[in-house]
file my_file28.tsv (TSV, C-alpha atoms)
chain	number	residue	atom	x	y	z
I	1	ASP	CA	134.80	38.89	68.12
I	2	THR	CA	137.57	37.17	70.06
I	3	GLY	CA	138.24	39.99	72.50
I	4	VAL	CA	141.45	41.90	73.11
I	5	SER	CA	144.53	40.14	71.84
I	6	GLN	CA	148.11	40.75	72.99
I	7	ASN	CA	151.34	39.42	71.55
I	8	PRO	CA	153.65	38.00	72.59
I	9	ARG	CA	152.41	36.35	75.80
I	10	HIS	CA	155.93	36.18	77.18
I	11	LYS	CA	159.12	38.03	76.34
I	12	ILE	CA	162.56	37.44	77.80
I	13	THR	CA	165.20	39.94	76.86
I	14	LYS	CA	168.61	41.09	77.93
I	15	ARG	CA	169.13	44.43	79.58
I	16	GLY	CA	169.70	47.16	77.01
I	17	GLN	CA	167.66	45.54	74.25
I	18	ASN	CA	164.54	47.07	72.73
I	19	VAL	CA	161.21	45.27	72.87
I	20	THR	CA	157.87	45.88	71.19
I	21	PHE	CA	154.48	44.55	72.21
I	22	ARG	CA	151.30	44.53	70.18
I	23	CYS	CA	147.68	44.91	71.20
I	24	ASP	CA	144.64	44.28	69.00
I	25	PRO	CA	141.57	45.75	70.70
I	26	ILE	CA	137.97	44.77	70.16
I	27	SER	CA	137.28	46.07	66.67
I	28	GLU	CA	134.62	48.67	67.41
I	29	HIS	CA	136.33	50.03	70.55
I	30	ASN	CA	137.74	53.50	70.08
I	31	ARG	CA	139.52	53.73	73.45
I	32	LEU	CA	142.74	51.85	74.17
I	33	TYR	CA	144.82	51.77	77.34
I	34	TRP	CA	148.19	50.37	78.35
I	35	TYR	CA	148.87	49.36	81.94
I	36	ARG	CA	151.82	47.82	83.73
I	37	GLN	CA	151.46	45.49	86.67
I	38	THR	CA	154.12	44.12	89.01
I	39	LEU	CA	153.67	41.38	91.57
I	40	GLY	CA	151.56	42.40	94.52
I	41	GLN	CA	150.51	45.70	92.98
I	42	GLY	CA	147.50	46.88	91.08
I	43	PRO	CA	147.75	47.87	87.42
I	44	GLU	CA	149.55	51.17	86.84
I	45	PHE	CA	148.31	53.44	84.05
I	46	LEU	CA	150.81	54.05	81.25
I	47	THR	CA	148.94	55.68	78.38
I	48	TYR	CA	145.54	56.17	76.72
I	49	PHE	CA	144.43	56.50	73.10
I	50	GLN	CA	141.16	57.73	71.73
I	51	ASN	CA	141.13	56.45	68.16
I	52	GLU	CA	144.64	57.23	66.87
I	53	ALA	CA	145.28	60.15	69.23
I	54	GLN	CA	147.40	59.56	72.32
I	55	LEU	CA	145.53	61.74	74.82
I	56	GLU	CA	147.19	60.85	78.08
I	57	LYS	CA	150.58	59.58	79.14
I	58	SER	CA	151.64	58.86	82.70
I	59	ARG	CA	154.12	61.33	84.13
I	60	LEU	CA	155.89	58.32	85.61
I	61	LEU	CA	156.62	56.96	82.15
I	62	SER	CA	160.21	57.46	81.07
I	63	ASP	CA	161.23	58.58	77.61
I	64	ARG	CA	162.29	55.01	76.87
I	65	PHE	CA	158.62	54.08	76.55
I	66	SER	CA	156.63	54.97	73.45
I	67	ALA	CA	153.26	53.86	72.18
I	68	GLU	CA	151.46	54.23	68.89
I	69	ARG	CA	148.06	53.45	67.51
I	70	PRO	CA	148.20	54.07	63.78
I	71	LYS	CA	144.82	54.30	62.09
I	72	GLY	CA	143.09	53.87	65.44
I	73	SER	CA	143.21	50.09	65.30
I	74	PHE	CA	146.01	47.99	66.85
I	75	SER	CA	148.57	49.56	69.16
I	76	THR	CA	152.23	48.94	69.86
I	77	LEU	CA	154.20	49.66	73.01
I	78	GLU	CA	157.96	49.91	72.63
I	79	ILE	CA	160.50	49.95	75.42
I	80	GLN	CA	163.99	51.04	74.42
I	81	ARG	CA	167.16	50.12	76.30
I	82	THR	CA	165.30	47.84	78.70
I	83	GLU	CA	166.23	47.79	82.37
I	84	GLN	CA	165.60	45.10	84.96
I	85	GLY	CA	163.00	47.36	86.57
I	86	ASP	CA	160.92	47.12	83.41
I	87	SER	CA	160.15	43.49	84.20
I	88	ALA	CA	156.38	43.37	84.64
I	89	MET	CA	153.10	42.29	83.09
I	90	TYR	CA	152.03	44.76	80.38
I	91	LEU	CA	148.28	44.84	79.98
I	92	CYS	CA	146.25	46.34	77.17
I	93	ALA	CA	142.57	47.20	77.53
I	94	SER	CA	139.95	48.70	75.26
I	95	SER	CA	136.55	50.23	75.76
I	96	LEU	CA	133.75	51.74	73.75
I	97	GLU	CA	132.96	55.38	74.36
I	98	GLY	CA	129.42	55.55	75.67
I	99	ASP	CA	127.25	57.83	77.76
I	100	SER	CA	129.62	57.58	80.69
I	101	ARG	CA	133.26	58.50	80.53
I	102	SER	CA	133.92	55.54	82.83
I	103	GLU	CA	133.00	52.55	80.71
I	104	LYS	CA	134.13	49.05	81.70
I	105	LEU	CA	137.45	47.93	80.30
I	106	PHE	CA	138.05	44.77	78.29
I	107	PHE	CA	141.54	43.44	78.92
I	108	GLY	CA	143.92	41.26	76.99
I	109	SER	CA	145.85	38.47	78.68
I	110	GLY	CA	148.95	40.62	78.92
I	111	THR	CA	152.59	40.33	77.91
I	112	GLN	CA	154.92	39.17	80.67
I	113	LEU	CA	158.30	40.84	80.22
I	114	SER	CA	161.41	39.54	81.94
I	115	VAL	CA	164.58	41.59	81.60
I	116	LEU	CA	167.73	39.65	82.50
A	117	ILE	CA	148.66	61.22	96.15
A	118	LEU	CA	145.45	59.28	95.52
A	119	ASN	CA	145.41	55.84	97.08
A	120	VAL	CA	143.08	52.86	96.80
A	121	GLU	CA	143.31	50.18	99.49
A	122	GLN	CA	141.86	46.70	99.34
A	123	SER	CA	141.49	44.38	102.27
A	124	PRO	CA	142.21	41.71	103.05
A	125	GLN	CA	145.20	41.07	100.80
A	126	SER	CA	144.25	37.40	100.60
A	127	LEU	CA	141.45	35.23	101.83
A	128	HIS	CA	140.86	31.49	102.13
A	129	VAL	CA	137.21	30.50	102.17
A	130	GLN	CA	135.57	27.11	102.43
A	131	GLU	CA	133.46	26.10	99.44
A	132	GLY	CA	129.85	26.99	100.10
A	133	ASP	CA	130.61	29.80	102.54
A	134	SER	CA	129.85	33.42	101.77
A	135	THR	CA	132.49	36.12	101.95
A	136	ASN	CA	133.10	39.80	101.40
A	137	PHE	CA	135.97	42.20	101.03
A	138	THR	CA	136.55	45.91	100.92
A	139	CYS	CA	137.81	48.62	98.61
A	140	SER	CA	138.59	52.00	100.17
A	141	PHE	CA	139.07	55.09	98.03
A	142	PRO	CA	139.17	58.89	98.42
A	143	SER	CA	135.73	60.29	99.26
A	144	SER	CA	136.24	63.50	97.28
A	145	ASN	CA	136.01	64.05	93.52
A	146	PHE	CA	134.37	60.68	93.02
A	147	TYR	CA	133.29	59.71	89.51
A	148	ALA	CA	133.07	55.90	89.37
A	149	LEU	CA	134.25	52.70	91.03
A	150	HIS	CA	135.13	49.61	89.01
A	151	TRP	CA	135.39	45.97	90.15
A	152	TYR	CA	137.27	43.35	88.13
A	153	ARG	CA	137.96	39.66	88.58
A	154	TRP	CA	141.32	38.29	87.43
A	155	GLU	CA	141.72	34.54	87.26
A	156	THR	CA	145.21	33.12	86.92
A	157	ALA	CA	146.41	32.91	83.30
A	158	LYS	CA	143.34	34.78	82.06
A	159	SER	CA	142.40	38.38	81.35
A	160	PRO	CA	140.92	40.68	83.99
A	161	GLU	CA	137.14	40.68	83.56
A	162	ALA	CA	134.84	43.54	84.45
A	163	LEU	CA	132.25	42.82	87.13
A	164	PHE	CA	130.71	46.20	87.89
A	165	VAL	CA	131.06	49.90	87.23
A	166	MET	CA	129.30	51.87	89.96
A	167	THR	CA	128.64	55.58	89.89
A	168	LEU	CA	125.94	56.50	92.41
A	169	ASN	CA	126.17	56.63	96.19
A	170	GLY	CA	124.10	53.77	97.58
A	171	ASP	CA	124.36	51.78	94.34
A	172	GLU	CA	123.97	48.02	94.67
A	173	LYS	CA	124.79	45.79	91.72
A	174	LYS	CA	124.46	42.06	91.32
A	175	LYS	CA	125.80	39.47	88.90
A	176	GLY	CA	124.80	35.92	89.80
A	177	ARG	CA	126.18	35.16	93.27
A	178	ILE	CA	128.36	38.29	93.30
A	179	SER	CA	127.11	41.68	94.43
A	180	ALA	CA	128.64	45.02	95.32
A	181	THR	CA	127.65	48.09	97.28
A	182	LEU	CA	128.97	51.63	97.11
A	183	ASN	CA	129.32	54.41	99.69
A	184	THR	CA	130.90	57.43	98.04
A	185	LYS	CA	130.50	59.71	101.06
A	186	GLU	CA	132.71	57.54	103.26
A	187	GLY	CA	134.80	56.15	100.40
A	188	TYR	CA	134.27	52.41	100.41
A	189	SER	CA	132.77	49.60	98.38
A	190	TYR	CA	132.07	46.02	99.46
A	191	LEU	CA	132.11	43.00	97.19
A	192	TYR	CA	130.07	40.02	98.37
A	193	ILE	CA	130.20	36.45	97.12
A	194	LYS	CA	127.40	34.17	98.22
A	195	GLY	CA	127.95	30.41	98.42
A	196	SER	CA	131.57	30.43	97.18
A	197	GLN	CA	132.49	27.96	94.44
A	198	PRO	CA	135.97	26.85	93.28
A	199	GLU	CA	135.56	28.91	90.11
A	200	ASP	CA	135.36	32.05	92.27
A	201	SER	CA	139.06	31.66	93.07
A	202	ALA	CA	140.68	34.76	91.58
A	203	THR	CA	142.12	38.15	92.43
A	204	TYR	CA	139.46	40.82	92.77
A	205	LEU	CA	140.60	44.32	91.84
A	206	CYS	CA	138.87	47.63	92.34
A	207	ALA	CA	139.70	50.84	90.48
A	208	PHE	CA	138.75	54.42	91.34
A	209	ASP	CA	137.85	56.98	88.70
A	210	TYR	CA	137.71	60.61	89.79
A	211	MET	CA	136.85	63.99	88.33
A	212	ASP	CA	139.60	65.21	86.01
A	213	SER	CA	141.27	61.81	86.06
A	214	ASN	CA	141.81	61.98	82.30
A	215	TYR	CA	141.05	58.25	82.12
A	216	GLN	CA	143.78	57.34	84.62
A	217	LEU	CA	142.07	54.88	86.93
A	218	ILE	CA	143.72	54.34	90.31
A	219	TRP	CA	143.85	50.64	91.12
A	220	GLY	CA	143.99	48.74	94.37
A	221	ALA	CA	146.43	45.85	94.77
A	222	GLY	CA	143.59	43.34	94.86
A	223	THR	CA	142.20	40.70	97.18
A	224	LYS	CA	143.30	37.18	96.31
A	225	LEU	CA	140.46	34.77	97.03
A	226	ILE	CA	141.13	31.04	97.34
A	227	ILE	CA	138.19	28.69	97.68
A	228	LYS	CA	138.97	25.47	99.52
A	229	PRO	CA	136.94	22.45	98.35
call {"tool": "encode", "arguments": {"input": "my_file28.tsv", "output": "C-alpha coordinates"}}
result
Amino acid sequence: DTGVSQNPRHKITKRGQNVTFRCDPISEHNRLYWYRQTLGQGPEFLTYFQNEAQLEKSRLLSDRFSAERPKGSFSTLEIQRTEQGDSAMYLCASSLEGDSRSEKLFFGSGTQLSVL
Amino acid sequence: ILNVEQSPQSLHVQEGDSTNFTCSFPSSNFYALHWYRWETAKSPEALFVMTLNGDEKKKGRISATLNTKEGYSYLYIKGSQPEDSATYLCAFDYMDSNYQLIWGAGTKLIIKP
(Lines of atoms letter the chains of each structure in order from A and count residues from 1; the text may use other names and numbers.)
(Lines give C-alpha, C1' and ligand atoms only; values in the text may rest on other atoms or scores of the structure.)
Protein backbone atom coordinates (compact mmCIF):
# COMPACT_ATOMS: atom_id res chain seq x y z
CA ASP A 1 0.00 0.00 0.00
CA THR A 2 1.42 3.36 -1.05
CA GLY A 3 -0.61 5.48 1.34
CA VAL A 4 -3.02 8.29 0.57
CA SER A 5 -2.60 9.75 -2.88
CA GLN A 6 -3.77 13.18 -4.03
CA ASN A 7 -3.84 14.64 -7.53
CA PRO A 8 -2.84 17.05 -8.79
CA ARG A 9 -0.03 18.26 -6.50
CA HIS A 10 -0.39 21.80 -7.77
CA LYS A 11 -3.19 23.63 -9.55
CA ILE A 12 -3.12 27.17 -10.88
CA THR A 13 -6.39 28.52 -12.14
CA LYS A 14 -8.03 31.79 -13.01
CA ARG A 15 -10.73 33.27 -10.86
CA GLY A 16 -14.15 32.00 -11.87
CA GLN A 17 -12.96 28.64 -13.18
CA ASN A 18 -14.00 25.30 -11.70
CA VAL A 19 -11.41 22.90 -10.29
CA THR A 20 -11.59 19.29 -9.16
CA PHE A 21 -9.17 17.43 -6.93
CA ARG A 22 -8.93 13.71 -6.39
CA CYS A 23 -8.00 11.68 -3.33
CA ASP A 24 -7.29 7.95 -3.23
CA PRO A 25 -7.30 6.79 0.39
CA ILE A 26 -5.61 3.73 1.81
CA SER A 27 -7.67 0.91 0.37
CA GLU A 28 -9.13 -0.58 3.55
CA HIS A 29 -9.88 2.78 5.19
CA ASN A 30 -13.58 3.53 5.41
CA ARG A 31 -13.25 7.09 6.72
CA LEU A 32 -12.16 9.98 4.50
CA TYR A 33 -11.69 13.64 5.36
CA TRP A 34 -10.99 16.82 3.43
CA TYR A 35 -9.17 19.71 5.08
CA ARG A 36 -8.00 23.11 3.88
CA GLN A 37 -4.88 24.79 5.18
CA THR A 38 -3.63 28.32 4.61
CA LEU A 39 -0.24 29.68 5.54
CA GLY A 40 0.28 30.08 9.25
CA GLN A 41 -2.93 28.28 10.16
CA GLY A 42 -3.78 24.76 11.16
CA PRO A 43 -5.86 22.52 8.90
CA GLU A 44 -9.54 23.48 8.73
CA PHE A 45 -12.12 20.71 8.49
CA LEU A 46 -14.18 20.71 5.30
CA THR A 47 -16.05 17.42 5.13
CA TYR A 48 -16.09 13.78 6.26
CA PHE A 49 -17.19 10.54 4.60
CA GLN A 50 -17.86 7.19 6.15
CA ASN A 51 -17.76 4.79 3.21
CA GLU A 52 -19.79 6.56 0.51
CA ALA A 53 -21.92 8.61 2.89
CA GLN A 54 -21.02 12.24 3.48
CA LEU A 55 -21.77 12.51 7.20
CA GLU A 56 -20.41 15.92 8.06
CA LYS A 57 -19.82 19.15 6.21
CA SER A 58 -18.37 22.31 7.71
CA ARG A 59 -20.87 25.12 8.16
CA LEU A 60 -18.13 27.42 6.89
CA LEU A 61 -18.13 25.66 3.54
CA SER A 62 -19.85 27.63 0.81
CA ASP A 63 -22.19 26.09 -1.73
CA ARG A 64 -19.42 26.38 -4.31
CA PHE A 65 -17.70 23.42 -2.66
CA SER A 66 -18.92 19.88 -3.21
CA ALA A 67 -17.38 16.52 -2.47
CA GLU A 68 -18.24 12.99 -3.48
CA ARG A 69 -17.04 9.53 -2.67
CA PRO A 70 -18.76 7.15 -5.05
CA LYS A 71 -18.58 3.51 -4.05
CA GLY A 72 -16.73 4.44 -0.88
CA SER A 73 -13.34 4.43 -2.57
CA PHE A 74 -11.69 7.55 -4.05
CA SER A 75 -13.11 10.99 -3.41
CA THR A 76 -13.31 14.20 -5.40
CA LEU A 77 -13.54 17.76 -4.16
CA GLU A 78 -14.88 20.32 -6.62
CA ILE A 79 -14.75 24.07 -6.24
CA GLN A 80 -16.97 26.02 -8.61
CA ARG A 81 -16.40 29.63 -9.63
CA THR A 82 -13.10 29.84 -7.76
CA GLU A 83 -12.20 32.97 -5.85
CA GLN A 84 -8.78 34.21 -4.76
CA GLY A 85 -9.69 33.35 -1.17
CA ASP A 86 -9.86 29.69 -2.17
CA SER A 87 -6.10 29.63 -2.61
CA ALA A 88 -4.86 27.11 -0.06
CA MET A 89 -3.47 23.63 0.45
CA TYR A 90 -6.26 21.03 0.23
CA LEU A 91 -5.46 17.96 2.28
CA CYS A 92 -7.13 14.58 2.20
CA ALA A 93 -6.84 12.07 5.03
CA SER A 94 -8.20 8.61 5.68
CA SER A 95 -8.55 6.40 8.71
CA LEU A 96 -9.81 2.99 9.64
CA GLU A 97 -12.75 2.80 12.00
CA GLY A 98 -11.57 1.03 15.12
CA ASP A 99 -12.45 0.81 18.79
CA SER A 100 -11.97 4.52 19.25
CA ARG A 101 -13.83 7.14 17.29
CA SER A 102 -10.60 9.15 17.27
CA GLU A 103 -8.25 7.05 15.19
CA LYS A 104 -5.05 8.54 13.77
CA LEU A 105 -5.33 10.09 10.34
CA PHE A 106 -3.20 9.20 7.33
CA PHE A 107 -2.71 12.22 5.10
CA GLY A 108 -1.92 12.71 1.46
CA SER A 109 0.63 15.27 0.32
CA GLY A 110 -2.09 17.75 -0.54
CA THR A 111 -3.09 19.80 -3.57
CA GLN A 112 -1.81 23.37 -3.57
CA LEU A 113 -4.38 25.60 -5.26
CA SER A 114 -3.49 29.07 -6.50
CA VAL A 115 -6.31 31.21 -7.86
CA LEU A 116 -5.10 34.16 -9.93
CA ILE B 1 -15.71 29.03 19.68
CA LEU B 2 -13.26 26.21 20.42
CA ASN B 3 -9.63 27.21 20.13
CA VAL B 4 -6.37 25.28 20.17
CA GLU B 5 -3.17 27.23 20.80
CA GLN B 6 0.36 26.04 20.18
CA SER B 7 3.46 27.71 21.48
CA PRO B 8 5.96 28.75 20.50
CA GLN B 9 5.07 29.49 16.89
CA SER B 10 8.63 28.65 15.86
CA LEU B 11 11.72 27.37 17.54
CA HIS B 12 15.40 27.12 16.60
CA VAL B 13 17.28 24.41 18.46
CA GLN B 14 20.90 23.35 18.28
CA GLU B 15 21.49 19.79 17.12
CA GLY B 16 21.83 17.53 20.12
CA ASP B 17 19.79 19.73 22.45
CA SER B 18 16.44 18.66 23.84
CA THR B 19 13.32 20.76 23.44
CA ASN B 20 9.63 20.85 24.16
CA PHE B 21 6.56 22.76 23.12
CA THR B 22 2.97 23.12 24.19
CA CYS B 23 -0.54 22.53 22.91
CA SER B 24 -3.38 24.16 24.87
CA PHE B 25 -6.98 23.10 24.35
CA PRO B 26 -10.37 23.44 26.08
CA SER B 27 -10.49 21.44 29.31
CA SER B 28 -14.16 20.51 28.94
CA ASN B 29 -15.73 17.83 26.72
CA PHE B 30 -12.36 16.27 26.03
CA TYR B 31 -12.24 13.13 23.89
CA ALA B 32 -8.74 12.86 22.41
CA LEU B 33 -5.62 14.85 21.54
CA HIS B 34 -3.63 14.15 18.38
CA TRP B 35 -0.02 15.10 17.55
CA TYR B 36 1.27 15.16 13.97
CA ARG B 37 4.61 15.96 12.37
CA TRP B 38 4.63 17.70 8.99
CA GLU B 39 7.90 17.88 7.13
CA THR B 40 8.18 20.26 4.20
CA ALA B 41 6.96 18.75 0.91
CA LYS B 42 5.69 15.64 2.69
CA SER B 43 2.42 14.47 4.21
CA PRO B 44 1.51 15.13 7.85
CA GLU B 45 2.38 12.01 9.85
CA ALA B 46 0.64 10.90 13.01
CA LEU B 47 2.79 10.74 16.13
CA PHE B 48 0.33 10.10 18.95
CA VAL B 49 -3.35 9.93 19.77
CA MET B 50 -3.87 10.43 23.49
CA THR B 51 -7.12 9.90 25.33
CA LEU B 52 -6.49 9.56 29.07
CA ASN B 53 -5.53 12.24 31.57
CA GLY B 54 -1.94 11.61 32.64
CA ASP B 55 -1.16 9.65 29.47
CA GLU B 56 2.48 9.57 28.42
CA LYS B 57 3.42 8.22 25.01
CA LYS B 58 6.82 7.70 23.45
CA LYS B 59 8.10 7.09 19.93
CA GLY B 60 11.89 6.93 19.74
CA ARG B 61 13.26 10.26 20.96
CA ILE B 62 9.83 11.92 20.91
CA SER B 63 7.40 11.75 23.80
CA ALA B 64 4.20 13.49 24.82
CA THR B 65 2.24 14.06 27.99
CA LEU B 66 -1.41 14.94 28.49
CA ASN B 67 -3.27 16.92 31.15
CA THR B 68 -6.95 17.02 30.27
CA LYS B 69 -8.03 18.72 33.49
CA GLU B 70 -5.97 21.83 32.79
CA GLY B 71 -6.10 21.49 29.00
CA TYR B 72 -2.54 21.09 27.83
CA SER B 73 -0.18 18.61 26.23
CA TYR B 74 3.61 18.80 25.96
CA LEU B 75 5.68 17.32 23.17
CA TYR B 76 9.31 16.57 24.02
CA ILE B 77 12.17 15.84 21.66
CA LYS B 78 15.34 14.47 23.20
CA GLY B 79 18.70 15.00 21.50
CA SER B 80 17.34 16.88 18.45
CA GLN B 81 18.54 15.75 15.03
CA PRO B 82 18.28 17.57 11.67
CA GLU B 83 15.55 15.16 10.58
CA ASP B 84 13.38 16.45 13.44
CA SER B 85 13.00 19.75 11.57
CA ALA B 86 9.27 19.97 10.81
CA THR B 87 6.05 21.63 11.87
CA TYR B 88 4.41 19.87 14.79
CA LEU B 89 0.62 20.11 14.86
CA CYS B 90 -1.80 19.15 17.59
CA ALA B 91 -5.52 18.55 17.10
CA PHE B 92 -8.29 18.41 19.70
CA ASP B 93 -11.19 16.00 19.46
CA TYR B 94 -14.16 16.61 21.75
CA MET B 95 -17.46 15.01 22.63
CA ASP B 96 -20.01 15.53 19.86
CA SER B 97 -17.32 16.81 17.51
CA ASN B 98 -18.75 14.71 14.67
CA TYR B 99 -15.18 14.01 13.52
CA GLN B 100 -14.33 17.72 13.21
CA LEU B 101 -10.92 17.96 14.84
CA ILE B 102 -9.85 21.44 15.94
CA TRP B 103 -6.24 22.07 14.93
CA GLY B 104 -3.56 24.33 16.30
CA ALA B 105 -1.45 26.42 13.93
CA GLY B 106 1.63 24.35 14.71
CA THR B 107 5.12 24.84 16.09
CA LYS B 108 7.79 25.09 13.41
CA LEU B 109 10.97 23.44 14.67
CA ILE B 110 14.30 24.13 12.97
CA ILE B 111 17.33 22.16 14.06
CA LYS B 112 20.63 23.96 13.56
CA PRO B 113 23.58 21.65 12.78
call {"tool": "closest_residue", "arguments": {"input": "my_file28.tsv", "among": "A:Tyr210, A:Leu217, A:Gln130, A:His150", "to": "Ala162 (chain A)", "atoms": "only C-alpha atoms"}}
result
A:His150
call {"tool": "residues_around", "arguments": {"input": "my_file28.tsv", "residues": "Phe45 (chain I)", "least_positions_apart": "4", "cutoff": "9 Å", "atoms": "all atoms listed in the file", "output": "number ranges by chain"}}
result
I: 33-37, 57-58; A: 215-219
call {"tool": "residues_around", "arguments": {"input": "my_file28.tsv", "residues": "Gln112 (chain I)", "least_positions_apart": "6", "cutoff": "6 Å", "atoms": "only C-alpha atoms", "output": "list in words"}}
result
His10, Ala88 and Met89 of chain I
call {"tool": "closest_residue", "arguments": {"input": "my_file28.tsv", "among": "I:Ser95, I:Gln41, I:Arg69, I:Glu78", "to": "Leu113 (chain I)", "atoms": "only C-alpha atoms"}}
result
I:Glu78
call {"tool": "interface_residues", "arguments": {"input": "my_file28.tsv", "of": "chain A", "to": "chain I", "cutoff": "9 Å", "atoms": "only C-alpha atoms", "output": "MDAnalysis selection string"}}
result
chainID A and resid 147:150 157:165 167 205:207 209 214:222
call {"tool": "atom_distance", "arguments": {"input": "my_file28.tsv", "atom1": "CA of Gly98 (chain I)", "atom2": "CA of Met211 (chain A)"}}
result
16.9 Å
